[in-house]
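Novice: First the structure, then my questions, so here it is.
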Amino acid sequence: MTLGEKIYALRSEKGLSQEAFGDLLGVSRQSVSKWETDQSLPELEKIVAVSELFGITTDYLLKDNIERPGPADMASDNGAAAVIYKKEKGPHYEYKSSKTVKGLPLIHINLGLGPYRAKGIFAIGNMANGVFALGFLSAGIVSAGLLSAGILAIGTIAAGLIAMGTVAVGCVAMGAFAVGIFCMGALNFGQFCFGALSYGKQVAIGDEAHGKIALGFSRAAGELYQEVNENGQFDYQTIEKLIDESVSPYWWPFREWIKGILRLMAG
């Protein structure tokens with residue numbers, strides 16, 4: 001077998017796509033394709049990385065007369081083995097676990113001075129993509145970073161189903177500046193808002209509140225109802241009744257949340 005045929009066989013046995021295999025080695029899918037068709041040869045450091053990833057010797061990869069190690073000699077796939085790269089230009093550290101899930105490394109850490117990207121189930125990097133992502137730019141089911149996007153996103157600027165940040169955009173948004181269906185923060189724009197300055201199309205509660213139903217501590221402007229709560233006393237029963245009558249059942253979970261806030265405020 002040629003070197004390319006051996007790489008193809010090893011990759012296929014692991015169930016890795018060319019793209020996922022390339023990500024593990026820090027090369028493109030096209031480079032992997034050229035290796036496997038013997039159009040080009042991997043660099044020496046990549047050959048070493050392949051041997052570490054699959055638990056075989058470089059002699060087996062490079063020589064025709066070397067038998068492949070048996071299963072007992074192969075590296076275990078329990079995630080303990082890893083491929084680690086360190087770039088020479090500038091501070092940089094990268095770690096990838098050999099354990100993969102759906103072609104993605106279980107853990108990928110890629111940090112340094114530059115646009116280093118981490119992609120894995122657990123991803124930590126300057127740019128991170130994963131189920132759990134942490135980075136300056138991050139995207140995942142759960143993500144945290146300077147700029148983050150995900151189902152649960154936490155960051156200076158965050159966007160997601162649930163977003164928390166200085167600037168937060170989401171179905172549920174919490175931040176200094178929040179935009180969403182249900183918002184809590186200093187400046188809010190949405191359907192149901194609670195905060196310092198709130199613009200809630202359905203219900204707004206805040207120091208200054210604007211909405212269909214508005215309850216303010218210093219100022220309130222409402223289409224159906226408005227009340228300024230200067231002394232901590234307000235007509236909770238009337239507000240709750242108006243919410244039930246005027247807010248569509250479509251908004252059921254959010255209107256129940258805002259009613260819960262009103263109950264807490266009413267003591």
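Every chain in the structure tokens takes a letter, A first, then B, and so on in the order presented; its residues are numbered from 1, and the ligands are numbered from 1 following the presented order.
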Mind listing the strand (DSSP E) residues of stretch 14-225 of chain A, per DSSP on the backbone, as a PyMOL selection string?
Specialist: chain A and resi 82-85+92-97+100-101+104-105+107-112+117-225
Novice: Write out as a VMD selection string the set of residues from stretch 3-252 of chain A that DSSP, computed on the backbone, places in alpha helix (DSSP H).
Specialist: chain A and resid 3 to 14 18 to 25 29 to 36 44 to 54 58 to 62 236 to 246 252
Novice: Residues near A:Val167, anyone? I mean within 6 Å using only C-alpha atoms, not counting same-chain ones fewer than 4 positions away, as a PyMOL selection string.
Specialist: chain A and resi 157+175+177-178
Novice: Any chance you could export the current selection's C-alpha atoms as an mmCIF file, in the first residue's frame?
Specialist:
```
data_model
loop_
_atom_site.group_PDB
_atom_site.id
_atom_site.type_symbol
_atom_site.label_atom_id
_atom_site.label_comp_id
_atom_site.auth_asym_id
_atom_site.auth_seq_id
_atom_site.Cartn_x
_atom_site.Cartn_y
_atom_site.Cartn_z
ATOM 1 C CA ILE A 157 -22.397 41.380 22.620
ATOM 2 C CA GLY A 175 -28.274 43.388 29.454
ATOM 3 C CA PHE A 177 -29.117 47.283 26.141
ATOM 4 C CA ALA A 178 -31.609 44.486 25.514
#
```
Novice: Excluding A:Ala139 and its own-chain neighbours fewer than 5 positions away, which residues fall within 10 Å of it when counting only C-alpha atoms? Please give them as a list in words.
Specialist: Lys119, Ala123, Met127, Ala128, Asn129, Gly130, Val131, Phe132, Ala133, Leu134, Ala144, Gly145, Leu147, Ser148, Ala149, Gly150, Ile151, Leu152, Ala153, Ala158, Ala159 and Gly160 of chain A
Novice: Can you tell me which residues surround A:Leu106 at a distance of at most 9 Å, considering only C-alpha atoms, apart from same-chain residues fewer than 6 positions away, and format the answer as a list of chain:residue names?
Specialist: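 Neighbouring residues, sequence-local ones excluded: A:Gly79, A:Lys96, A:Ser97, A:Ser98, A:Lys99, A:Thr100, A:Gly120, A:Ile121, A:Phe122, A:Ala123.
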Novice: Write out as a list in words which residues come within 12 Å of A:Pro253 when counting only C-alpha atoms, dropping same-chain ones fewer than 4 positions away.
Specialist: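 Answer for this query is Cys171, Val172, Ile181, Phe182, Phe192, Val247, Ser248, Pro249, Trp257, Ile258, Lys259 and Gly260 of chain A.
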Novice: Please write the residues from the selection above to a file, keeping all heavy atoms, as a CSV table (one decimal), in the first residue's frame.
Specialist:
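Contents of again-v1.csv, as written:
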```
chain,number,residue,atom,x,y,z
A,171,CYS,N,-34.6,35.9,22.2
A,171,CYS,CA,-36.0,35.7,22.7
A,171,CYS,C,-36.2,36.2,24.1
A,171,CYS,O,-37.1,37.0,24.4
A,171,CYS,CB,-36.4,34.3,22.5
A,171,CYS,SG,-38.1,33.9,23.0
A,172,VAL,N,-35.2,35.8,24.9
A,172,VAL,CA,-35.1,36.4,26.3
A,172,VAL,C,-33.8,37.1,26.4
A,172,VAL,O,-32.7,36.5,26.1
A,172,VAL,CB,-35.2,35.3,27.4
A,172,VAL,CG1,-35.0,35.9,28.7
A,172,VAL,CG2,-36.5,34.5,27.3
A,181,ILE,N,-38.1,39.5,23.0
A,181,ILE,CA,-39.6,39.4,23.4
A,181,ILE,C,-39.7,39.7,24.9
A,181,ILE,O,-40.5,40.6,25.2
A,181,ILE,CB,-40.1,38.0,23.1
A,181,ILE,CG1,-40.1,37.7,21.6
A,181,ILE,CG2,-41.5,37.8,23.6
A,181,ILE,CD1,-40.4,36.2,21.2
A,182,PHE,N,-38.9,39.1,25.7
A,182,PHE,CA,-38.9,39.4,27.1
A,182,PHE,C,-37.5,40.0,27.5
A,182,PHE,O,-36.5,39.3,27.3
A,182,PHE,CB,-39.1,38.1,27.9
A,182,PHE,CG,-39.3,38.4,29.4
A,182,PHE,CD1,-40.6,38.6,29.9
A,182,PHE,CD2,-38.2,38.4,30.3
A,182,PHE,CE1,-40.8,38.8,31.2
A,182,PHE,CE2,-38.4,38.6,31.6
A,182,PHE,CZ,-39.7,38.8,32.1
A,192,PHE,N,-42.3,42.5,26.2
A,192,PHE,CA,-42.5,42.6,27.7
A,192,PHE,C,-41.2,43.0,28.3
A,192,PHE,O,-40.1,42.3,28.1
A,192,PHE,CB,-42.9,41.2,28.3
A,192,PHE,CG,-44.1,40.7,27.7
A,192,PHE,CD1,-44.1,39.9,26.5
A,192,PHE,CD2,-45.4,40.8,28.3
A,192,PHE,CE1,-45.3,39.4,26.0
A,192,PHE,CE2,-46.5,40.3,27.8
A,192,PHE,CZ,-46.5,39.6,26.6
A,247,VAL,N,-53.7,41.0,26.5
A,247,VAL,CA,-52.5,40.3,25.9
A,247,VAL,C,-52.9,39.0,25.3
A,247,VAL,O,-53.5,38.2,26.1
A,247,VAL,CB,-51.4,40.2,26.9
A,247,VAL,CG1,-50.2,39.4,26.3
A,247,VAL,CG2,-50.9,41.5,27.4
A,248,SER,N,-52.6,38.7,24.1
A,248,SER,CA,-53.0,37.4,23.5
A,248,SER,C,-52.5,36.2,24.2
A,248,SER,O,-51.3,36.2,24.7
A,248,SER,CB,-52.5,37.4,22.0
A,248,SER,OG,-52.7,36.2,21.4
A,249,PRO,N,-53.2,35.1,24.2
A,249,PRO,CA,-52.7,33.9,24.8
A,249,PRO,C,-51.4,33.4,24.1
A,249,PRO,O,-50.7,32.6,24.7
A,249,PRO,CB,-53.9,32.9,24.6
A,249,PRO,CG,-55.1,33.7,24.5
A,249,PRO,CD,-54.6,35.0,23.8
A,257,TRP,N,-44.6,35.5,33.1
A,257,TRP,CA,-43.4,36.0,33.7
A,257,TRP,C,-43.5,37.4,34.2
A,257,TRP,O,-43.1,37.7,35.3
A,257,TRP,CB,-42.2,35.9,32.7
A,257,TRP,CG,-41.8,34.5,32.4
A,257,TRP,CD1,-42.3,33.3,32.9
A,257,TRP,CD2,-40.9,34.1,31.3
A,257,TRP,NE1,-41.7,32.2,32.3
A,257,TRP,CE2,-40.9,32.7,31.3
A,257,TRP,CE3,-40.2,34.8,30.4
A,257,TRP,CZ2,-40.1,31.9,30.4
A,257,TRP,CZ3,-39.4,34.1,29.5
A,257,TRP,CH2,-39.4,32.7,29.5
A,258,ILE,N,-44.1,38.3,33.4
A,258,ILE,CA,-44.2,39.7,33.8
A,258,ILE,C,-45.2,39.8,34.9
A,258,ILE,O,-45.0,40.7,35.8
A,258,ILE,CB,-44.6,40.6,32.6
A,258,ILE,CG1,-44.2,42.0,32.8
A,258,ILE,CG2,-46.1,40.5,32.3
A,258,ILE,CD1,-42.7,42.2,32.6
A,259,LYS,N,-46.3,39.0,34.9
A,259,LYS,CA,-47.2,39.0,36.1
A,259,LYS,C,-46.5,38.5,37.4
A,259,LYS,O,-46.7,39.0,38.4
A,259,LYS,CB,-48.4,38.1,35.8
A,259,LYS,CG,-49.4,38.7,34.8
A,259,LYS,CD,-50.3,37.7,34.2
A,259,LYS,CE,-51.2,37.0,35.3
A,259,LYS,NZ,-52.2,36.1,34.6
A,260,GLY,N,-45.5,37.6,37.2
A,260,GLY,CA,-44.8,37.1,38.3
A,260,GLY,C,-43.9,38.3,38.9
A,260,GLY,O,-43.8,38.4,40.1
```
